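Take a look at the structure below.
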Amino acid sequence: SGSFSWEDISNETNIFGDSINEDLSTAISLPFSFSFYGGTPKSEVYISSNGWLSFTYPSGGATYPTNTTIPSGAGPDEMIAVYWDDLISSTGNGGGVYYKEEGTAPNRRFIVQWHMLNGTPTPDEIEFQVILYETSNLIKFQYNTIDPVFNGGGSATIGIKDNSSLGNQRSFDQSGIVSSGSAILFHNSSVTGVSANISPSSVPIGTFQTFDYTVNSILGASGLGKLDRIAIGNPFPNIPAVTGVDINGSSVSIQNSSTKP
């Protein structure tokens, strides 16, 4: 998760105008080079009215209103799905999609903001944005307004995707993932392993023994910020049992599950 700090840019030029229906922008130049999944630095983006942007021009200029899982062959490569869904803004309701550069080098931010309003006279409203950070290459999703009709992401895909085999899906058609005033931070990188040791390293056959498994350092974690979850694989059906986890001397909770918390 990330800290919510809304940066309203709704006073900027509306890319598509008030009547939005399956629109895709032309190439929009980024104010700084942005590294996505460690690939060649990106210099431009394409923005869809359906809650996503991509560093790759979609085949045939498709807007992909039908969301699907990440990663998959659907949708363009190098995709950032902030709230990928079939979003529409009716004429005169004040909806729009905007973008703007904020800050000064080397800590500038490129912001894309969607404000979608569907229907009259009391439109269903959703307002969210993505922020790309210079230098750190962080990606932050922010959700300012989530009308109950959008069900907290119940019909949307949220995540980032490099290609059809590599991506990070936060959710797919899962209710309650986002709410008004929430944020998600993608660090756009991954750890490469850990330096760890187990003590004692061996015991006699038939002995019941408590082992201490110590993670000394996380490799490749520079610039990632904090980790909110660590998974320890247990190859045995019942034993050994994990009876406690301490991080820097403080006890933390354990979830025995084959799925993510």
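Each chain of the structure tokens is named A, B, ... in the order shown, its residues numbered from 1; ligands are numbered from 1 in display order.
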Sorted by chain and rising residue number, which residues of stretch 3-32 of chain A lie within 7 Å of stretch 54-76 of chain A, and what are their closest atom pairs and distances in Å to one decimal, counting only C-alpha atoms, as JSON lines?
```
{"residue": "A:Glu22", "atom": "CA", "partner": "A:Thr63", "partner_atom": "CA", "distance": 5.8}
{"residue": "A:Asp23", "atom": "CA", "partner": "A:Thr63", "partner_atom": "CA", "distance": 6.4}
{"residue": "A:Leu24", "atom": "CA", "partner": "A:Thr63", "partner_atom": "CA", "distance": 5.9}
```
Selected residues written out with all heavy atoms, as a PDB file, in the first residue's frame:
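part_5.pdb written:
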```
ATOM      1  N   GLU A  22     -14.596   5.229 -25.252  1.00  0.00           N
ATOM      2  CA  GLU A  22     -13.592   4.386 -25.890  1.00  0.00           C
ATOM      3  C   GLU A  22     -12.552   5.225 -26.638  1.00  0.00           C
ATOM      4  O   GLU A  22     -12.335   5.070 -27.840  1.00  0.00           O
ATOM      5  CB  GLU A  22     -14.243   3.381 -26.850  1.00  0.00           C
ATOM      6  CG  GLU A  22     -15.444   2.648 -26.309  1.00  0.00           C
ATOM      7  CD  GLU A  22     -15.208   1.993 -24.955  1.00  0.00           C
ATOM      8  OE1 GLU A  22     -14.057   1.830 -24.550  1.00  0.00           O
ATOM      9  OE2 GLU A  22     -16.194   1.678 -24.293  1.00  0.00           O
ATOM     10  N   ASP A  23     -11.906   6.133 -25.920  1.00  0.00           N
ATOM     11  CA  ASP A  23     -10.906   7.001 -26.526  1.00  0.00           C
ATOM     12  C   ASP A  23      -9.493   6.587 -26.130  1.00  0.00           C
ATOM     13  O   ASP A  23      -9.258   6.058 -25.043  1.00  0.00           O
ATOM     14  CB  ASP A  23     -11.124   8.460 -26.099  1.00  0.00           C
ATOM     15  CG  ASP A  23     -12.374   9.056 -26.736  1.00  0.00           C
ATOM     16  OD1 ASP A  23     -12.642   8.738 -27.903  1.00  0.00           O
ATOM     17  OD2 ASP A  23     -13.082   9.822 -26.056  1.00  0.00           O
ATOM     18  N   LEU A  24      -8.536   6.872 -27.037  1.00  0.00           N
ATOM     19  CA  LEU A  24      -7.120   6.633 -26.790  1.00  0.00           C
ATOM     20  C   LEU A  24      -6.351   7.861 -27.250  1.00  0.00           C
ATOM     21  O   LEU A  24      -6.594   8.387 -28.340  1.00  0.00           O
ATOM     22  CB  LEU A  24      -6.629   5.398 -27.545  1.00  0.00           C
ATOM     23  CG  LEU A  24      -5.142   5.063 -27.380  1.00  0.00           C
ATOM     24  CD1 LEU A  24      -4.873   4.481 -25.992  1.00  0.00           C
ATOM     25  CD2 LEU A  24      -4.691   4.074 -28.460  1.00  0.00           C
TER      26      LEU A  24
END
```
Distance query A:Ile28 at most 9 Å, only C-alpha atoms, self and fewer than 6 positions along chain excluded, as a PDB file with all heavy atoms, in the first residue's frame:
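File part-v4.pdb, as written:
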```
ATOM      1  N   SER A  43       9.952   7.298 -23.062  1.00  0.00           N
ATOM      2  CA  SER A  43       9.894   8.742 -23.300  1.00  0.00           C
ATOM      3  C   SER A  43       8.489   9.232 -23.613  1.00  0.00           C
ATOM      4  O   SER A  43       8.256  10.433 -23.687  1.00  0.00           O
ATOM      5  CB  SER A  43      10.826   9.134 -24.458  1.00  0.00           C
ATOM      6  OG  SER A  43      10.452   8.456 -25.653  1.00  0.00           O
ATOM      7  N   GLU A  44       7.516   8.306 -23.802  1.00  0.00           N
ATOM      8  CA  GLU A  44       6.150   8.722 -24.109  1.00  0.00           C
ATOM      9  C   GLU A  44       5.163   7.659 -23.656  1.00  0.00           C
ATOM     10  O   GLU A  44       5.530   6.499 -23.437  1.00  0.00           O
ATOM     11  CB  GLU A  44       5.983   9.001 -25.602  1.00  0.00           C
ATOM     12  CG  GLU A  44       6.287   7.813 -26.499  1.00  0.00           C
ATOM     13  CD  GLU A  44       6.263   8.171 -27.976  1.00  0.00           C
ATOM     14  OE1 GLU A  44       6.472   9.371 -28.298  1.00  0.00           O
ATOM     15  OE2 GLU A  44       6.044   7.277 -28.809  1.00  0.00           O
ATOM     16  N   VAL A  45       3.901   8.082 -23.503  1.00  0.00           N
ATOM     17  CA  VAL A  45       2.844   7.167 -23.071  1.00  0.00           C
ATOM     18  C   VAL A  45       1.606   7.366 -23.935  1.00  0.00           C
ATOM     19  O   VAL A  45       1.441   8.393 -24.607  1.00  0.00           O
ATOM     20  CB  VAL A  45       2.457   7.384 -21.589  1.00  0.00           C
ATOM     21  CG1 VAL A  45       3.603   7.054 -20.676  1.00  0.00           C
ATOM     22  CG2 VAL A  45       1.960   8.814 -21.362  1.00  0.00           C
ATOM     23  N   TYR A  46       0.737   6.371 -23.905  1.00  0.00           N
ATOM     24  CA  TYR A  46      -0.583   6.436 -24.534  1.00  0.00           C
ATOM     25  C   TYR A  46      -1.611   6.225 -23.431  1.00  0.00           C
ATOM     26  O   TYR A  46      -1.477   5.303 -22.619  1.00  0.00           O
ATOM     27  CB  TYR A  46      -0.718   5.359 -25.611  1.00  0.00           C
ATOM     28  CG  TYR A  46       0.325   5.475 -26.696  1.00  0.00           C
ATOM     29  CD1 TYR A  46       1.548   4.820 -26.575  1.00  0.00           C
ATOM     30  CD2 TYR A  46       0.105   6.262 -27.826  1.00  0.00           C
ATOM     31  CE1 TYR A  46       2.526   4.935 -27.553  1.00  0.00           C
ATOM     32  CE2 TYR A  46       1.079   6.385 -28.816  1.00  0.00           C
ATOM     33  CZ  TYR A  46       2.283   5.724 -28.672  1.00  0.00           C
ATOM     34  OH  TYR A  46       3.258   5.848 -29.642  1.00  0.00           O
ATOM     35  N   ILE A  47      -2.620   7.065 -23.389  1.00  0.00           N
ATOM     36  CA  ILE A  47      -3.592   7.062 -22.295  1.00  0.00           C
ATOM     37  C   ILE A  47      -4.959   6.650 -22.819  1.00  0.00           C
ATOM     38  O   ILE A  47      -5.444   7.202 -23.812  1.00  0.00           O
ATOM     39  CB  ILE A  47      -3.675   8.453 -21.643  1.00  0.00           C
ATOM     40  CG1 ILE A  47      -2.300   8.868 -21.093  1.00  0.00           C
ATOM     41  CG2 ILE A  47      -4.721   8.473 -20.533  1.00  0.00           C
ATOM     42  CD1 ILE A  47      -2.234  10.314 -20.636  1.00  0.00           C
TER      43      ILE A  47
END
```
Neighbours of A:Asn216 within 8 Å (only C-alpha atoms; same-chain residues fewer than 2 positions away dropped), as number ranges by chain?
-> A: 194-197, 214, 218
Output file for the selection above: N, CA, C and O atoms, as an mmCIF file, in the first residue's frame:
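Here's the written file part-v8.cif:
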```
data_model
loop_
_atom_site.group_PDB
_atom_site.id
_atom_site.type_symbol
_atom_site.label_atom_id
_atom_site.label_comp_id
_atom_site.auth_asym_id
_atom_site.auth_seq_id
_atom_site.Cartn_x
_atom_site.Cartn_y
_atom_site.Cartn_z
ATOM 1 N N VAL A 194 17.770 -13.728 -0.525
ATOM 2 C CA VAL A 194 18.082 -13.328 0.838
ATOM 3 C C VAL A 194 19.402 -13.962 1.275
ATOM 4 O O VAL A 194 19.830 -14.988 0.731
ATOM 5 N N SER A 195 20.028 -13.322 2.231
ATOM 6 C CA SER A 195 21.161 -13.925 2.929
ATOM 7 C C SER A 195 20.634 -14.401 4.272
ATOM 8 O O SER A 195 20.129 -13.604 5.071
ATOM 9 N N ALA A 196 20.718 -15.723 4.529
ATOM 10 C CA ALA A 196 20.088 -16.275 5.725
ATOM 11 C C ALA A 196 20.891 -17.459 6.256
ATOM 12 O O ALA A 196 21.733 -18.032 5.556
ATOM 13 N N ASN A 197 20.615 -17.829 7.482
ATOM 14 C CA ASN A 197 21.220 -19.020 8.069
ATOM 15 C C ASN A 197 20.257 -19.668 9.056
ATOM 16 O O ASN A 197 19.330 -19.019 9.557
ATOM 17 N N THR A 214 17.303 -17.263 10.495
ATOM 18 C CA THR A 214 17.561 -15.827 10.559
ATOM 19 C C THR A 214 17.831 -15.264 9.166
ATOM 20 O O THR A 214 18.725 -15.754 8.455
ATOM 21 N N ILE A 218 18.137 -8.703 2.804
ATOM 22 C CA ILE A 218 17.356 -8.968 1.595
ATOM 23 C C ILE A 218 18.146 -8.426 0.417
ATOM 24 O O ILE A 218 18.496 -7.244 0.376
#
```
Determine which residues of stretch 79-234 of chain A DSSP labels as strand (DSSP E) from the backbone of this structure, then write them out as a PyMOL selection string.
-> chain A and resi 79-84+88-89+96-102+109-118+124-133+139-146+157-163+166-172+182-186+193-199+212-219
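You can rank A:Glu7, A:Asp173, A:Asp162, A:Glu102 by their closest distance to A:Asp85 using only C-alpha atoms, and at the top of that list sits A:Asp173.
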Quick one: everything within 12 Å of A:Ala183, counting only C-alpha atoms, minus sequence neighbours fewer than 3 positions away in the same chain. Send it as JSON, numbers by chain.
-> {"A": [1, 2, 3, 4, 5, 6, 82, 83, 128, 129, 130, 131, 139, 140, 141, 142, 143, 144, 145, 158, 170, 177, 178, 179, 180, 186]}
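Between atom CA of A:Gln209 and atom CA of A:Ser251 there is a distance of 20.9 Å.
Note that the spacing between atom CA of A:Asn168 and atom CA of A:Asn118 amounts to 28.9 Å.
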Helix (DSSP H, G or I) per DSSP on the backbone: members of stretch 57-162 of chain A, as a compact mmCIF listing (two decimals) with C-alpha atoms, in the first residue's frame:
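Result written to selection.txt:
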```
# COMPACT_ATOMS: atom_id res chain seq x y z
CA SER A 59 -2.43 -2.75 -31.79
CA GLY A 60 -4.77 -0.84 -34.06
CA GLY A 61 -5.22 1.85 -31.44
CA PRO A 148 -20.55 2.52 -4.52
CA VAL A 149 -21.61 1.45 -8.02
CA PHE A 150 -17.94 0.72 -8.78
```
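Minimum atom-to-atom distance to A:Thr243, evaluated using only C-alpha atoms, belongs to A:Tyr213 out of A:Asn107, A:Val97, A:Asn14, A:Tyr213.
Closest approach to A:Tyr133 from the set A:Met79, A:Leu30, A:Ile205, A:Ile88 is made by A:Leu30, with distances taken over only C-alpha atoms.
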